[in-house]
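Participant: As input, take run-v8.cif (mmCIF, C-alpha atoms and all ligand atoms):
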data_target
loop_
_atom_site.label_atom_id
_atom_site.label_comp_id
_atom_site.auth_asym_id
_atom_site.auth_seq_id
_atom_site.Cartn_x
_atom_site.Cartn_y
_atom_site.Cartn_z
CA MET A 1 0.00 0.00 0.00
CA VAL A 2 1.11 3.54 -0.74
CA ILE A 3 -0.34 6.43 1.27
CA ASP A 4 0.02 9.89 -0.28
CA ILE A 5 -0.25 12.49 2.49
CA ASP A 6 -0.52 15.29 -0.09
CA LYS A 7 -3.82 13.78 -1.29
CA CYS A 8 -5.30 12.90 2.12
CA ASN A 9 -7.91 15.43 3.26
CA GLY A 10 -8.63 13.78 6.61
CA CYS A 11 -12.18 12.72 5.75
CA TYR A 12 -11.84 9.51 7.82
CA ASN A 13 -13.65 7.43 5.16
CA CYS A 14 -10.88 4.82 5.39
CA PHE A 15 -11.32 4.59 9.15
CA LEU A 16 -15.11 4.27 8.79
CA ALA A 17 -14.88 1.69 6.00
CA CYS A 18 -12.63 -0.42 8.23
CA LYS A 19 -15.11 -0.17 11.10
CA ASP A 20 -17.99 -1.00 8.78
CA GLU A 21 -16.21 -4.08 7.47
CA PHE A 22 -14.97 -5.52 10.75
CA ALA A 23 -17.14 -4.28 13.66
CA GLY A 24 -19.45 -7.15 14.56
CA ASN A 25 -18.16 -9.37 11.73
CA ASP A 26 -15.99 -12.48 12.11
CA TYR A 27 -13.93 -13.62 9.13
CA PRO A 28 -12.43 -16.96 10.17
CA PRO A 29 -9.66 -17.97 9.90
CA PHE A 30 -8.35 -14.43 9.33
CA SER A 31 -9.93 -12.20 11.97
CA ALA A 32 -12.41 -11.98 14.81
CA GLN A 33 -14.86 -9.08 14.95
CA GLN A 34 -13.56 -5.64 15.83
CA PRO A 35 -15.13 -3.80 18.78
CA ASN A 36 -17.10 -0.63 18.02
CA ASP A 37 -14.73 1.48 20.08
CA GLY A 38 -11.12 1.25 21.16
CA LYS A 39 -7.97 1.42 19.06
CA PRO A 40 -8.83 1.48 15.32
CA TRP A 41 -7.11 -0.81 12.82
CA MET A 42 -6.80 2.13 10.44
CA GLY A 43 -5.34 4.75 12.78
CA MET A 44 -5.20 8.44 11.93
CA THR A 45 -2.56 10.84 13.22
CA GLU A 46 -3.35 14.54 12.88
CA LYS A 47 -0.20 16.64 12.67
CA GLU A 48 -0.55 20.37 13.25
CA ARG A 49 2.46 22.40 12.17
CA GLY A 50 3.53 26.03 12.38
CA THR A 51 2.21 28.91 14.44
CA CYS A 52 -0.48 31.50 13.87
CA PRO A 53 -1.00 32.94 11.24
CA LYS A 54 0.64 30.09 9.30
CA ILE A 55 -0.72 26.74 10.42
CA LYS A 56 -0.86 23.53 8.42
CA VAL A 57 -2.67 20.34 9.31
CA ASP A 58 -1.69 17.00 7.82
CA TYR A 59 -3.46 13.68 8.26
CA VAL A 60 -1.39 10.50 8.36
CA PRO A 61 -3.39 7.25 8.08
CA VAL A 62 -1.55 4.47 9.93
CA PRO A 63 -2.57 0.84 9.35
CA CYS A 64 -0.35 -2.16 10.15
CA GLN A 65 2.74 -1.70 7.98
CA HIS A 66 2.86 -5.43 7.05
CA CYS A 67 6.58 -5.46 7.73
CA GLY A 68 8.85 -7.80 5.78
CA ASP A 69 10.96 -8.17 8.90
CA ALA A 70 8.17 -8.09 11.48
CA PRO A 71 8.91 -8.25 15.22
CA CYS A 72 5.33 -9.43 15.85
CA VAL A 73 6.01 -12.51 13.71
CA LYS A 74 9.29 -13.12 15.50
CA LYS A 75 7.55 -12.86 18.87
CA ALA A 76 5.10 -15.64 17.95
CA VAL A 77 6.11 -19.08 19.20
CA ASN A 78 3.22 -21.10 17.78
CA GLY A 79 2.33 -19.43 14.49
CA GLU A 80 -0.14 -17.04 16.15
CA VAL A 81 1.32 -14.21 14.02
CA TYR A 82 2.48 -15.13 10.55
CA ARG A 83 3.46 -13.65 7.23
CA ARG A 84 1.77 -15.07 4.13
CA PRO A 85 3.77 -15.67 0.93
CA ASP A 86 2.04 -12.58 -0.57
CA GLY A 87 3.49 -10.41 2.22
CA ILE A 88 0.35 -9.89 4.32
CA VAL A 89 1.00 -10.26 8.06
CA LEU A 90 -1.89 -11.79 10.02
CA ILE A 91 -2.71 -12.57 13.64
CA ASP A 92 -4.52 -15.89 13.97
CA PRO A 93 -7.62 -15.15 16.11
CA GLU A 94 -7.67 -18.63 17.65
CA LYS A 95 -3.99 -19.23 18.28
CA SER A 96 -3.47 -15.73 19.68
CA GLU A 97 -6.24 -15.93 22.30
CA GLY A 98 -5.02 -14.63 25.65
CA LYS A 99 -1.65 -13.53 24.24
CA ARG A 100 -1.65 -9.91 25.30
CA GLU A 101 2.14 -9.71 24.96
CA ILE A 102 1.75 -9.61 21.16
CA VAL A 103 0.38 -6.05 21.48
CA ASN A 104 3.74 -4.77 22.69
CA SER A 105 5.75 -6.56 19.99
CA CYS A 106 4.90 -3.89 17.41
CA PRO A 107 7.10 -0.79 17.48
CA HIS A 108 4.58 1.04 15.27
CA ARG A 109 1.95 0.49 18.03
CA VAL A 110 -0.75 -0.66 15.60
CA ILE A 111 -1.90 -3.82 17.43
CA ALA A 112 -5.09 -3.39 19.47
CA TRP A 113 -6.20 -5.55 22.37
CA ASN A 114 -9.81 -6.76 22.07
CA GLU A 115 -10.90 -7.12 25.69
CA GLU A 116 -14.17 -8.86 24.90
CA LYS A 117 -12.65 -11.45 22.55
CA ASN A 118 -9.38 -11.69 24.52
CA VAL A 119 -7.27 -11.38 21.36
CA PRO A 120 -4.73 -8.98 19.79
CA GLN A 121 -5.95 -7.54 16.48
CA LYS A 122 -4.82 -5.33 13.61
CA CYS A 123 -5.33 -4.51 9.92
CA THR A 124 -5.51 -7.59 7.68
CA PHE A 125 -5.50 -5.68 4.35
CA CYS A 126 -9.06 -7.16 4.13
CA VAL A 127 -7.52 -10.49 3.20
CA HIS A 128 -10.95 -12.20 3.38
CA LEU A 129 -12.04 -9.96 0.48
CA LEU A 130 -8.81 -10.40 -1.49
CA GLU A 131 -9.38 -14.16 -1.21
CA GLN A 132 -12.77 -13.59 -2.89
CA GLY A 133 -11.17 -11.72 -5.78
CA TRP A 134 -11.30 -8.13 -4.51
CA LYS A 135 -8.43 -6.04 -5.85
CA GLU A 136 -8.11 -3.76 -2.84
CA PRO A 137 -9.16 -3.44 0.83
CA ARG A 138 -12.27 -1.50 1.87
CA CYS A 139 -10.27 1.55 3.03
CA VAL A 140 -8.69 1.96 -0.41
CA GLU A 141 -12.04 1.56 -2.14
CA ALA A 142 -13.59 4.18 0.18
CA CYS A 143 -10.91 6.85 -0.22
CA PRO A 144 -12.39 9.68 -2.33
CA SER A 145 -9.12 11.40 -3.12
CA GLY A 146 -6.91 8.57 -4.37
CA ALA A 147 -4.62 8.93 -1.35
CA LEU A 148 -4.47 5.15 -0.89
CA VAL A 149 -3.14 2.83 -3.60
CA PHE A 150 -2.99 -0.93 -3.16
CA GLY A 151 -1.63 -3.63 -5.41
CA ASP A 152 0.76 -6.43 -6.19
CA LEU A 153 4.43 -5.47 -6.18
CA ASP A 154 5.25 -8.78 -7.86
CA ASP A 155 3.38 -7.56 -10.94
CA PRO A 156 5.75 -5.14 -12.72
CA LYS A 157 2.84 -3.66 -14.70
CA SER A 158 0.74 -2.77 -11.62
CA GLU A 159 0.18 0.85 -10.60
CA ILE A 160 1.78 0.17 -7.23
CA SER A 161 4.96 -1.09 -8.94
CA ARG A 162 5.10 2.11 -10.97
CA ILE A 163 4.44 4.40 -7.99
CA THR A 164 6.94 2.75 -5.68
CA LYS A 165 9.76 3.34 -8.18
CA SER A 166 9.47 7.06 -7.41
CA PRO A 167 12.37 8.43 -5.33
CA ASP A 168 9.97 10.23 -2.98
CA MET A 169 8.71 7.04 -1.32
CA GLU A 170 9.28 7.06 2.44
CA GLU A 171 8.84 4.72 5.37
CA LEU A 172 6.75 5.88 8.34
CA ASN A 173 9.54 5.07 10.80
CA PRO A 174 12.69 4.34 8.78
CA GLY A 175 14.75 3.99 11.95
CA TYR A 176 12.95 0.74 12.76
CA THR A 177 14.36 -0.94 9.57
CA LEU A 178 11.46 -3.43 9.35
CA LYS A 179 11.03 -3.44 5.52
CA PRO A 180 7.40 -2.25 5.62
CA ASN A 181 4.95 -3.04 2.82
CA VAL A 182 3.21 0.29 3.45
CA LEU A 183 5.05 3.27 2.02
CA TYR A 184 4.27 6.97 2.24
CA ARG A 185 4.66 10.06 0.11
CA LYS A 186 5.02 13.58 1.47
CA LEU A 187 5.11 12.78 5.17
CA PRO A 188 5.00 16.10 7.06
CA LYS A 189 8.37 17.70 7.73
CA ARG A 190 9.47 21.29 8.42
CA PHE A 191 8.55 24.42 6.46
CA ILE A 192 9.86 27.97 6.25
CA SER A 193 7.45 30.63 5.04
CA GLY A 194 7.02 34.39 4.93
CA GLU A 195 5.39 37.32 3.19
CA VAL A 196 7.25 39.91 1.13
CA LEU A 197 6.22 43.56 0.95
CA LEU A 198 7.79 46.34 -1.11
CA THR A 199 8.24 49.51 0.91
CA ASP A 200 6.94 51.80 -1.83
CA GLN A 201 4.04 49.55 -2.88
CA GLN A 202 2.53 48.36 0.39
CA GLU A 203 -0.99 48.63 -0.99
CA ALA A 204 -0.24 45.89 -3.53
CA CYS A 205 0.87 42.29 -2.99
CA ALA A 206 4.49 41.67 -3.97
CA GLU A 207 4.04 38.87 -6.47
CA GLY A 208 6.90 37.19 -8.34
CA ILE A 209 9.74 38.09 -5.95
CA LYS A 210 12.62 35.60 -6.05
CA VAL A 211 13.38 33.83 -2.75
CA THR A 212 16.34 31.47 -2.38
CA LEU A 213 16.88 28.88 0.33
CA LYS A 214 20.36 27.42 0.66
CA ASN A 215 22.70 25.46 2.87
CA GLU A 216 25.75 23.28 2.23
CA ALA A 217 23.54 20.59 0.62
CA GLY A 218 22.37 22.91 -2.17
CA GLU A 219 19.73 25.51 -2.90
CA GLN A 220 16.07 25.85 -3.85
CA VAL A 221 14.41 28.85 -5.46
CA CYS A 222 10.76 29.93 -5.41
CA THR A 223 8.84 33.10 -6.20
CA THR A 224 6.19 34.79 -4.10
CA ASP A 225 2.59 34.08 -5.07
CA PHE A 226 -0.17 36.60 -5.83
CA LEU A 227 -0.43 37.39 -2.11
CA GLY A 228 3.32 37.98 -1.77
CA ASP A 229 3.70 34.72 0.20
CA PHE A 230 6.48 32.15 -0.19
CA GLU A 231 7.06 28.75 1.34
CA PHE A 232 9.64 25.95 1.34
CA ASP A 233 8.15 22.71 2.67
CA GLY A 234 9.49 19.19 3.15
CA LEU A 235 12.65 20.42 4.88
CA ALA A 236 14.67 18.24 7.24
CA PRO A 237 14.42 19.13 10.94
CA ASN A 238 17.24 20.85 12.83
CA GLN A 239 19.04 22.11 9.74
CA THR A 240 20.36 25.63 9.30
CA TYR A 241 19.41 27.44 6.11
CA GLN A 242 19.98 30.87 4.67
CA ILE A 243 17.00 32.64 3.09
CA VAL A 244 17.88 35.35 0.56
CA ILE A 245 15.26 37.67 -0.96
CA LYS A 246 16.28 39.79 -3.93
CA HIS A 247 14.34 42.11 -6.22
CA LYS A 248 15.67 44.58 -8.76
CA GLY A 249 15.75 48.12 -7.38
CA TYR A 250 15.43 47.01 -3.75
CA ALA A 251 18.01 46.20 -1.06
CA PRO A 252 18.26 42.40 -0.63
CA GLN A 253 17.49 40.78 2.71
CA SER A 254 18.84 37.56 4.15
CA PHE A 255 18.09 35.47 7.25
CA GLU A 256 19.64 32.49 8.92
CA VAL A 257 16.91 30.05 9.92
CA LYS A 258 17.11 26.79 11.89
CA THR A 259 14.33 24.24 11.35
CA ALA A 260 14.13 23.21 15.00
CA THR A 261 10.43 23.95 14.42
CA ASP A 262 8.48 25.21 11.43
CA VAL A 263 9.36 28.85 10.84
CA GLU A 264 7.05 31.67 9.73
CA LEU A 265 9.20 34.74 9.09
CA GLY A 266 6.20 37.08 8.94
CA GLU A 267 6.27 40.29 6.89
CA ILE A 268 9.58 41.07 5.22
CA VAL A 269 9.76 44.58 3.81
CA LEU A 270 12.19 45.27 0.95
CA LYS A 271 13.35 48.90 0.88
CA THR A 272 14.10 50.77 -2.34
CA MET A 273 17.77 51.30 -3.07
CA GLY A 274 19.35 54.70 -3.05
S1 LIG B 1 3.43 -2.82 11.76
FE1 LIG B 1 3.58 -3.90 13.70
S2 LIG B 1 1.91 -5.40 13.64
FE2 LIG B 1 2.25 -4.74 11.55
S3 LIG B 1 3.71 -6.23 10.71
FE3 LIG B 1 4.91 -4.50 11.47
S4 LIG B 1 5.46 -5.12 13.55
FE4 LIG B 1 3.78 -6.47 12.94
S1 LIG B 2 -10.24 8.04 3.03
FE1 LIG B 2 -8.45 8.85 1.91
S2 LIG B 2 -8.65 11.10 2.08
FE2 LIG B 2 -10.04 10.21 3.62
S3 LIG B 2 -8.79 10.13 5.51
FE3 LIG B 2 -8.54 8.12 4.53
S4 LIG B 2 -6.70 8.33 3.23
FE4 LIG B 2 -7.35 10.41 3.80
#
Represent the structure contained in this file as structure tokens.

Facilitator:
Amino acid sequence: MVIDIDKCNGCYNCFLACKDEFAGNDYPPFSAQQPNDGKPWMGMTEKERGTCPKIKVDYVPVPCQHCGDAPCVKKAVNGEVYRRPDGIVLIDPEKSEGKREIVNSCPHRVIAWNEEKNVPQKCTFCVHLLEQGWKEPRCVEACPSGALVFGDLDDPKSEISRITKSPDMEELNPGYTLKPNVLYRKLPKRFISGEVLLTDQQEACAEGIKVTLKNEAGEQVCTTDFLGDFEFDGLAPNQTYQIVIKHKGYAPQSFEVKTATDVELGEIVLKTMG
């Protein structure tokens, strides 16, 4: 599965589709019914970034990552958690009964404990539907914005094979090194933004002003939009950058900025030269 954060609008349809499919429904031998409340199998993390007046909200759907090197599988002593040849990781609802310790085996924290059924549970990629010939899980079918893409990586012609060749694929928690089968695009990082004004034209928005961001790794250039705003997003945290704003006939301005947090530089007024 690929999850494109740029396309996710936080509608929670994926979350609801998962509830609709699994709450009150057993699918032996793959899963026991999901409770109506408690930890969802399709989690949703809301990430608020920046400070007023520049605030961004991103939504990060978080299902089981179906890791290729899964600690939950390693923790199992009797096949209660297993990885199928197609890569889907499942928790056997019978064999795992009473095994609460499985919940803590997942560093991504996506395994829920079902108190009523006395079993650990998580996303199954709707394997009971795939077995019936479905091409994708309910969450993917329900997503209105195309933020979720599902498919067979062993098929070189599949859309998922094409998408995952892109260099902007990311893992949710790369430090865990678990070879996840869920990849992300555009996970939220740091941004630097600001608004440019021209001292002699403060009634009008300063559109088309060149702004450069640079550090030892290289530089990026953008121009202010029709409101005079600029933004560099997707920046690594805790890096130091120089922002340079130049416009013909005006004295340039530059700032040193550290992305310890997101940074809104506010109004930057360029003064006329001479
Ligand atoms: S995300 Fe957690 S539950 Fe899912 S396969 Fe990886 S370790 Fe297991
Ligand atoms: S259904 Fe799609 S757009 Fe809606 S929250 Fe889920 S991933 Fe995001």

Participant: Report the distance between atom CA of Asp26 of chain A and atom CA of Leu172 of chain A in Å, rounded to one decimal place.

Facilitator: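 Rounded to one decimal, the two atoms are 29.5 Å apart.
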
Participant: My list of candidates is A:Phe30, A:Phe191, A:Phe22, A:Phe150. Which is closest to ligand LIG 2 (chain B) when distances are computed with all atoms listed in the file?

Facilitator: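 Going through A:Phe30, A:Phe191, A:Phe22, A:Phe150 one by one, the smallest distance to ligand LIG 2 (chain B) is for A:Phe150.
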
Participant: So, with all atoms listed in the file as the atoms that count, which of A:Pro180, A:Pro144, A:Gly38, A:Gly151 lies closest to ligand LIG 1 (chain B)?

Facilitator: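 Of the candidates, the smallest distance to ligand LIG 1 (chain B) is held by A:Pro180.
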
Participant: Write out, as CSV, each residue of chain A that has an atom at most 7 Å from ligand LIG 1 (chain B), together with the closest pair of atoms and their distance in Å to one decimal, counting only C-alpha atoms and all ligand atoms, rows going by chain and rising number.

Facilitator:
residue,atom,partner,partner_atom,distance
A:Cys64,CA,B:LIG1,FE2,3.9
A:Gln65,CA,B:LIG1,S1,4.0
A:His66,CA,B:LIG1,S3,3.8
A:Cys67,CA,B:LIG1,FE3,4.2
A:Ala70,CA,B:LIG1,S4,4.5
A:Pro71,CA,B:LIG1,S4,4.9
A:Cys72,CA,B:LIG1,FE4,4.4
A:Val73,CA,B:LIG1,FE4,6.5
A:Val89,CA,B:LIG1,S3,5.5
A:Ser105,CA,B:LIG1,S4,6.6
A:Cys106,CA,B:LIG1,FE1,3.9
A:Pro107,CA,B:LIG1,FE1,6.0
A:His108,CA,B:LIG1,FE1,5.3
A:Arg109,CA,B:LIG1,FE1,6.4
A:Val110,CA,B:LIG1,FE1,5.7
A:Ile111,CA,B:LIG1,S2,5.6
A:Lys122,CA,B:LIG1,S2,6.7
A:Leu178,CA,B:LIG1,FE3,7.0
A:Pro180,CA,B:LIG1,FE3,6.7

Participant: Provide the atom CA of Asp200 of chain A to atom CA of Leu270 of chain A distance in Å, to one decimal place.

Facilitator: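 Distance reported for this atom pair: 8.8 Å.
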
Participant: How close does each residue of chain A get to ligand LIG 2 (chain B), giving the shortest atom pair and distance in Å to one decimal for every residue with an atom at most 8 Å away, counting only C-alpha atoms and all ligand atoms, sorted by chain and residue number, as a tab-separated table?

Facilitator:
residue	atom	partner	partner_atom	distance
A:Ile3	CA	B:LIG2	S4	6.9
A:Asp4	CA	B:LIG2	S4	7.7
A:Ile5	CA	B:LIG2	FE4	7.5
A:Lys7	CA	B:LIG2	S2	6.5
A:Cys8	CA	B:LIG2	FE4	3.6
A:Asn9	CA	B:LIG2	S2	4.5
A:Gly10	CA	B:LIG2	S3	3.8
A:Cys11	CA	B:LIG2	FE2	3.9
A:Tyr12	CA	B:LIG2	S3	3.9
A:Asn13	CA	B:LIG2	S1	4.1
A:Cys14	CA	B:LIG2	S1	4.0
A:Phe15	CA	B:LIG2	FE3	6.4
A:Met44	CA	B:LIG2	S3	7.5
A:Tyr59	CA	B:LIG2	FE4	6.8
A:Val60	CA	B:LIG2	FE4	7.5
A:Pro61	CA	B:LIG2	S4	6.0
A:Cys139	CA	B:LIG2	S1	6.5
A:Val140	CA	B:LIG2	S1	7.2
A:Ala142	CA	B:LIG2	S1	5.9
A:Cys143	CA	B:LIG2	S1	3.5
A:Pro144	CA	B:LIG2	FE1	5.8
A:Ser145	CA	B:LIG2	S2	5.2
A:Gly146	CA	B:LIG2	FE1	6.5
A:Ala147	CA	B:LIG2	FE1	5.0
A:Leu148	CA	B:LIG2	S4	5.7

Participant: Using only C-alpha atoms, can you tell me which of A:Ile91, A:Gly266, A:Gln132, A:Tyr184 comes closest to Glu171 of chain A?

Facilitator: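 When distances to Glu171 of chain A are compared using only C-alpha atoms, the smallest one comes from A:Tyr184.
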
Participant: Enter the distance from atom CA of Lys214 of chain A to atom CA of Arg49 of chain A, in Å, rounded to one decimal.

Facilitator: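 Value for the atom CA of Lys214 of chain A-atom CA of Arg49 of chain A distance: 21.9 Å.
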
Participant: Write out as a PyMOL selection string each polymer residue whose atoms come within 8 Å of Pro188 of chain A, counting all atoms listed in the file; drop sequence neighbours fewer than 4 positions from it.

Facilitator: chain A and resi 5+47+58+234

Participant: Can you tell me which residues surround Pro85 of chain A at a distance of at most 12 Å, considering only C-alpha atoms, apart from same-chain residues fewer than 2 positions away, and format the answer as a list in words?

Facilitator: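 Counting only C-alpha atoms, the residues come to His66, Gly68, Tyr82, Arg83, Gly87, Ile88, Val89, Leu90 and Asp154 of chain A.
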
Participant: Taking the point (8.7, 30.9, -4.0) as given in the file, collect each protein or nucleic acid residue that comes within 8 Å of it, counting all atoms listed in the file, and present the set as a list in words.

Facilitator: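 Within the cut-off we find Gly208, Ile209, Lys210, Val211, Thr212, Val221, Cys222, Thr223, Thr224, Asp225, Asp229, Phe230, Glu231 and Phe232 of chain A.
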
Participant: May I have the selected residues written with C-alpha atoms, as a CSV table (one decimal), in the coordinates of the input?

Facilitator:
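Generated output (result_5.csv):
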chain,number,residue,atom,x,y,z
A,208,GLY,CA,6.9,37.2,-8.3
A,209,ILE,CA,9.7,38.1,-6.0
A,210,LYS,CA,12.6,35.6,-6.0
A,211,VAL,CA,13.4,33.8,-2.8
A,212,THR,CA,16.3,31.5,-2.4
A,221,VAL,CA,14.4,28.8,-5.5
A,222,CYS,CA,10.8,29.9,-5.4
A,223,THR,CA,8.8,33.1,-6.2
A,224,THR,CA,6.2,34.8,-4.1
A,225,ASP,CA,2.6,34.1,-5.1
A,229,ASP,CA,3.7,34.7,0.2
A,230,PHE,CA,6.5,32.2,-0.2
A,231,GLU,CA,7.1,28.8,1.3
A,232,PHE,CA,9.6,26.0,1.3

Participant: Extract, using all atoms listed in the file, all DNA, RNA and protein residues at most 12 Å from Arg162 of chain A, discarding same-chain residues fewer than 3 positions from it, and format them as a PDB file with C-alpha atoms, keeping the file's coordinate frame.

Facilitator:
ATOM      1  CA  VAL A   2       1.110   3.540  -0.740  1.00  0.00           C
ATOM      2  CA  VAL A 149      -3.140   2.830  -3.600  1.00  0.00           C
ATOM      3  CA  PHE A 150      -2.990  -0.930  -3.160  1.00  0.00           C
ATOM      4  CA  GLY A 151      -1.630  -3.630  -5.410  1.00  0.00           C
ATOM      5  CA  ASP A 152       0.760  -6.430  -6.190  1.00  0.00           C
ATOM      6  CA  LEU A 153       4.430  -5.470  -6.180  1.00  0.00           C
ATOM      7  CA  ASP A 154       5.250  -8.780  -7.860  1.00  0.00           C
ATOM      8  CA  ASP A 155       3.380  -7.560 -10.940  1.00  0.00           C
ATOM      9  CA  PRO A 156       5.750  -5.140 -12.720  1.00  0.00           C
ATOM     10  CA  LYS A 157       2.840  -3.660 -14.700  1.00  0.00           C
ATOM     11  CA  SER A 158       0.740  -2.770 -11.620  1.00  0.00           C
ATOM     12  CA  GLU A 159       0.180   0.850 -10.600  1.00  0.00           C
ATOM     13  CA  LYS A 165       9.760   3.340  -8.180  1.00  0.00           C
ATOM     14  CA  SER A 166       9.470   7.060  -7.410  1.00  0.00           C
ATOM     15  CA  PRO A 167      12.370   8.430  -5.330  1.00  0.00           C
ATOM     16  CA  MET A 169       8.710   7.040  -1.320  1.00  0.00           C
TER      17      MET A 169
END

Participant: From the set A:Asp168, A:Asp233, A:Asp92, A:Glu195, which residue has the shortest atom-to-atom contact distance to Pro29 of chain A, counting only C-alpha atoms?

Facilitator: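 Nearest to Pro29 of chain A: A:Asp92.
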
Participant: Please tabulate, as a Markdown table, the residues of segment 185-237 of chain A that come within 9 Å of segment 247-259 of chain A, each with its closest pair of atoms and the distance in Å to one decimal, counting all atoms listed in the file and ordering rows by chain, then residue number upward.

Facilitator:
| residue | atom | partner | partner_atom | distance |
| --- | --- | --- | --- | --- |
| A:Arg190 | CA | A:Thr259 | CA | 6.4 |
| A:Phe191 | CA | A:Thr259 | CA | 7.6 |
| A:Ile192 | CA | A:Thr259 | CA | 7.7 |
| A:Leu198 | CA | A:Tyr250 | CA | 8.1 |
| A:Thr199 | CA | A:Tyr250 | CA | 8.9 |
| A:Ile209 | CA | A:His247 | CA | 6.1 |
| A:Lys210 | CA | A:His247 | CA | 6.7 |
| A:Leu235 | CA | A:Thr259 | CA | 7.7 |
| A:Ala236 | CA | A:Thr259 | CA | 7.3 |
| A:Pro237 | CA | A:Thr259 | CA | 5.1 |

Participant: Place a sphere of radius 8 Å on (19.4, 26.9, 3.8) in the file coordinates and name every protein, DNA or RNA residue with an atom inside or on its surface, counting only C-alpha atoms; give the answer as a list in words.

Facilitator: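 Protein, DNA and RNA residues close to (19.4, 26.9, 3.8): Leu213, Lys214, Asn215, Glu216, Gly218, Glu219, Gln239, Thr240, Tyr241, Gln242, Ile243, Glu256 and Val257 of chain A.
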